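Chemist: One structure, pasted below without further comment.
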Amino acid sequence: MTQDLPSSITEAGAWLRSGRITSVALTEELLARSQAAQDTLAAFITITADAAMAAAQRADAELAGGHDRGPLHGIPLGIKDILATADAPTTANSRVLDPAWGQRDDACTVRKLREAGAVLLGKTGLHEFAIGWPDPETGFRIPKNPWDQARTPGGSSSGTGAAVAAGLILGGLGTDTGGSIRGPAAYCGISGIKPTFGRVSKEGCVPLGYSLDNIGPMAWTARDCALMLQVLAGFDPHDPCSASVAVPDMLAGVDGSVRGVRIGVPREHFLDVPELNAEVKQAVLVALEQLAAAGATVLDVELPHGAIAQHAQRAIMLGEAYAYHELDLQTRPELYGKYTRQAFQQGAFYSAADYVQAQRVRSFFNAEVARVLADVDVLVTPTALSIAPTFADYDPDAMRALPSLMGQWNVTGLPALSISCGFASAGLPIGLQIIGKAFQEPTVFKVGDAYQRLTDWHTRRPRVAQEAQRA
Amino acid sequence: MSGMTPDQIKQAVDAVLAAARLPLTGEDYERLLRNYPIVQDQLAALRFPEARACEPATILHLA
């Protein structure tokens with residue numbers, strides 16, 4: 001492996017157009033790295049090498065012929081294996097999903113990426129049905145964190161997070177019902193956004209929680225995520241949750257400045273919480289100081305029902321998931337990994353009244369957040385309580401008891417971006433979460449991009465990526 | 001509900017499971033027993049006075 005590679009989608013686009021690299025060369029190199037890393041990182045469930053090479057050849061020919069499809073043309077990406085693709089099976093990392101489900105046309109998001117000229121390297125690993133901690137007995141490989149392979153890359157979009165961080169793809173799709181894009185982004189030191197609910201079509205995605213699920217981009221930088229979301233966004237009549245709203249220029253206002261931007265910090269539950277790792281808290285406080293020094297106004301805001309909103313998220317998610325999985329839990333539960341099965345079984349605890357009550361709390365919390373956002377442009381919190389935990393430390397009951405800082409934004413449906421804001425002493429990245437108003441993703445990107453111009457956390461690469469680059 | 005005795009938890013969980021008809025391993029059952037009071041506490045927290053006046057957000061109106 002000798003090919004010098006671009007470090008972002010933005011840079012790759014420039015290289016492709018200047019002739020410094022071809023999509024075929026870039027794709028060949030990343031396919032070789034991806035296949036070589038399967039025994040260690042296991043980022044992919046399926047690698048679609050032939051289809052990727054064909055797409056790369058098309059991209060080179062089109063670009064050479066003056067047919068430029070835009071910033072994703074010729075760019076190697078990965079697809080979380082819970083989204084349907086025409087050229088590969090879809091498993092949801094489960095023996096339960098009907099193979100016929102996966103033999104279908106591309107999901108709306110996948111189709112849009114192909115139409116934009118993206119080169120899809122394959123299907124990335126995930127937590128089973130986007131919820132279950134990996135169970136080795138299911139036979140699926142378990143993605144590892146490129147920064148420390150004894151640690152999880154987070155979930156449920158584990159493979160996309162690991163593959164981006166390891167330099168195997170330049171970006172990819174994740175899904176997020178309670179933090180499944182943002183958690184892996186934080187643990188892997190990359191960027192990832194859960195868009196506004198309804199912004200991106202869910203057609204062709206295996207559901208977890210119908211009213212909480214989102215599909216969104218993961219990449220090294222906020223700017224790259226904006227480029228991807230520009231392609232993914234838009235109304236889709238085949239998704240009943242799709243919002244019929246105009247798609248703005250996602251890079252509008254992304255000018256490196258946060259001067260005049262008002263940033264609210266909800267301390268209760270999100271920052272002043274005893275379970276928050278001290279190094280994470282310190283990194284977030286420093287980031288807020290840097291944003292303030294760059295001209296943003298940073299102020300504390302009152303958001304007292306964050307913990308209850310987390311309970312509502314869980315009731316809604318497990319209620320909706322149980323409705324989807326009930327028959328399989330009754331008739332062939334042994335096919336689920338045990339952590340997935342045990343998570344879904346808890347859905348039986350929620351009555352119809354509990355579900356409706358959670359939806360009432362959702363209304364209440366939405367109004368509370370709307371009042372806060374009337375006075376600020378974005379909210380900023382840590383993404384996760386800690387750095388990526390080790391596989392050995394996993395305890396599902398203990399994890400469930402911890403506060404979440406992410407599920408609240410699935411309850412509200414608001415856009416939430418995670419970017420890297422530092423590294424802990426253990427060498428693992430720390431995530432900063434930026435939450436915006438409904439359909440105001442450009443403002444979220446503006447703040448994330450400006451922070452990344454102030455800092456270099458997003459330019460750091462794990463040793464496995466550096467070694468592949470040097471070899 | 002966190003004041004439930006182990007017998008009360010077992011009775012409640014058994015009643016849920018009888019209605020749900022879920023085949024379980026021993027480990028599955030033990031985990032459900034451990035988590036039932038936690039879930040009940042969370043559900044109790046959802047029932048605060050201000051939320052009683054809210055319409056359920058069955059459809060999100062964000063636009």
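Chain labels A, B, ... are given in the sequence in which chains occur in the structure tokens; within each chain residues are numbered consecutively from 1, and ligands are likewise numbered from 1 in the order shown.
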Taking only C-alpha atoms into account and nothing else, which residues of chain A lie no more than 8 Å away from chain B? Please answer as a VMD selection string.

Modeler: chain A and resid 243 245 308 311 to 312 315 329 to 331 333 338 342 345 to 346 348 to 349 354 356 to 364 397 413 438 to 439

Chemist: Hey, what does DSSP flag as strand (DSSP E) within stretch 67-299 of chain A? Can you give it to me as a VMD selection string?

Modeler: chain A and resid 76 to 80 119 to 124 171 to 176 191 to 194 214 to 219 262 to 266 297 to 299

Chemist: Next, dump the selected residues to file, keeping only N, CA and C atoms, as a CSV table (one decimal), in the first residue's frame.

Modeler:
```csv
chain,number,residue,atom,x,y,z
A,76,PRO,N,-15.5,7.4,-1.9
A,76,PRO,CA,-15.8,6.2,-1.3
A,76,PRO,C,-16.5,6.3,0.0
A,77,LEU,N,-17.6,5.7,0.2
A,77,LEU,CA,-18.4,5.8,1.4
A,77,LEU,C,-18.9,4.4,1.8
A,78,GLY,N,-19.4,4.3,3.0
A,78,GLY,CA,-19.9,3.1,3.5
A,78,GLY,C,-21.4,3.3,4.0
A,79,ILE,N,-22.1,2.2,4.0
A,79,ILE,CA,-23.5,2.2,4.3
A,79,ILE,C,-23.8,1.2,5.5
A,80,LYS,N,-24.4,1.8,6.5
A,80,LYS,CA,-24.8,0.9,7.7
A,80,LYS,C,-25.7,-0.2,7.2
A,119,VAL,N,-19.2,6.4,-4.4
A,119,VAL,CA,-18.7,5.0,-4.6
A,119,VAL,C,-18.9,4.2,-3.3
A,120,LEU,N,-19.8,3.3,-3.3
A,120,LEU,CA,-20.2,2.6,-2.0
A,120,LEU,C,-19.3,1.3,-1.9
A,121,LEU,N,-18.5,1.3,-0.8
A,121,LEU,CA,-17.6,0.2,-0.6
A,121,LEU,C,-18.2,-1.0,0.0
A,122,GLY,N,-19.3,-0.8,0.7
A,122,GLY,CA,-20.0,-1.9,1.3
A,122,GLY,C,-20.9,-1.6,2.5
A,123,LYS,N,-21.3,-2.6,3.2
A,123,LYS,CA,-22.2,-2.5,4.3
A,123,LYS,C,-21.5,-2.6,5.6
A,124,THR,N,-21.6,-1.6,6.4
A,124,THR,CA,-20.8,-1.5,7.7
A,124,THR,C,-21.6,-2.2,8.8
A,171,GLY,N,-16.5,8.7,4.4
A,171,GLY,CA,-17.7,9.0,5.1
A,171,GLY,C,-18.7,7.9,5.0
A,172,GLY,N,-19.8,8.0,5.7
A,172,GLY,CA,-20.8,6.9,5.6
A,172,GLY,C,-22.1,7.3,6.3
A,173,LEU,N,-23.0,6.3,6.1
A,173,LEU,CA,-24.3,6.5,6.7
A,173,LEU,C,-24.4,5.8,8.0
A,174,GLY,N,-25.1,6.5,9.0
A,174,GLY,CA,-25.4,5.8,10.2
A,174,GLY,C,-26.9,6.1,10.5
A,175,THR,N,-27.5,5.4,11.5
A,175,THR,CA,-28.8,5.7,11.9
A,175,THR,C,-28.8,6.0,13.4
A,176,ASP,N,-29.8,6.7,13.8
A,176,ASP,CA,-29.8,7.3,15.2
A,176,ASP,C,-31.2,7.4,15.8
A,191,SER,N,-17.0,13.2,13.1
A,191,SER,CA,-18.1,14.0,13.2
A,191,SER,C,-19.3,13.2,12.7
A,192,GLY,N,-20.5,13.5,13.2
A,192,GLY,CA,-21.7,12.8,12.8
A,192,GLY,C,-22.9,13.6,13.2
A,193,ILE,N,-23.9,13.7,12.3
A,193,ILE,CA,-25.1,14.5,12.6
A,193,ILE,C,-26.4,13.6,12.5
A,194,LYS,N,-27.2,13.7,13.5
A,194,LYS,CA,-28.6,13.3,13.5
A,194,LYS,C,-29.4,14.5,13.0
A,214,ASN,N,-33.6,8.2,12.7
A,214,ASN,CA,-33.1,9.2,11.7
A,214,ASN,C,-31.9,8.5,11.0
A,215,ILE,N,-31.7,8.9,9.8
A,215,ILE,CA,-30.5,8.5,9.0
A,215,ILE,C,-29.7,9.7,8.8
A,216,GLY,N,-28.4,9.6,9.0
A,216,GLY,CA,-27.5,10.8,8.8
A,216,GLY,C,-26.1,10.4,8.5
A,217,PRO,N,-25.3,11.4,8.1
A,217,PRO,CA,-23.9,11.2,7.7
A,217,PRO,C,-22.9,11.2,8.9
A,218,MET,N,-21.8,10.5,8.7
A,218,MET,CA,-20.7,10.4,9.5
A,218,MET,C,-19.4,10.6,8.7
A,219,ALA,N,-18.5,11.5,9.1
A,219,ALA,CA,-17.3,11.8,8.3
A,219,ALA,C,-16.3,12.5,9.3
A,262,ARG,N,-25.4,32.7,19.5
A,262,ARG,CA,-25.7,32.6,20.9
A,262,ARG,C,-25.8,31.1,21.2
A,263,ILE,N,-25.0,30.7,22.2
A,263,ILE,CA,-24.9,29.3,22.6
A,263,ILE,C,-25.4,29.1,24.0
A,264,GLY,N,-26.4,28.2,24.1
A,264,GLY,CA,-27.0,27.9,25.4
A,264,GLY,C,-26.4,26.6,26.0
A,265,VAL,N,-26.1,26.6,27.2
A,265,VAL,CA,-25.5,25.5,27.9
A,265,VAL,C,-26.5,25.0,29.0
A,266,PRO,N,-27.2,23.9,28.7
A,266,PRO,CA,-28.1,23.4,29.8
A,266,PRO,C,-27.3,22.5,30.8
A,297,THR,N,-21.6,34.2,22.0
A,297,THR,CA,-22.1,34.5,23.4
A,297,THR,C,-22.5,33.1,24.0
A,298,VAL,N,-21.9,32.8,25.1
A,298,VAL,CA,-22.2,31.5,25.8
A,298,VAL,C,-22.9,31.8,27.1
A,299,LEU,N,-24.1,31.2,27.2
A,299,LEU,CA,-24.9,31.5,28.5
A,299,LEU,C,-25.5,30.2,29.0
```

Chemist: Residues near A:Val247, anyone? I mean within 10 Å using only C-alpha atoms, not counting same-chain ones fewer than 4 positions away, as a ChimeraX atom specification.

Modeler: /A:199,229-235,439-441

Chemist: Could you please write out, as a ChimeraX atom specification, every residue of stretch 13-207 of chain A that DSSP assigns to helix (DSSP H, G or I)?

Modeler: /A:13-18,23-36,49-64,99-102,108-115,136-138,158-165,182-188

Chemist: Extract, using only C-alpha atoms, all DNA, RNA and protein residues at most 9 Å from A:Thr109, discarding same-chain residues fewer than 2 positions from it, and format them as number ranges by chain.

Modeler: A: 83, 106-107, 111-114, 173, 200-204, 215, 231-233

Chemist: Kindly indicate which residue among A:Leu212, A:Val24, A:Val464, A:Leu432 lies nearest to A:Trp409, using only C-alpha atoms for the distances.

Modeler: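 The answer is A:Leu212, which sits nearest to A:Trp409.
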
Chemist: For A:Ser180, list every protein, DNA or RNA residue within 12 Å, evaluated using only C-alpha atoms, and leave out those in the same chain fewer than 3 positions away; present the list as number ranges by chain.

Modeler: A: 80, 126-133, 153-161, 173-177, 183-187, 192-194, 208, 212-218, 383-384, 404-407, 409-410, 416-418
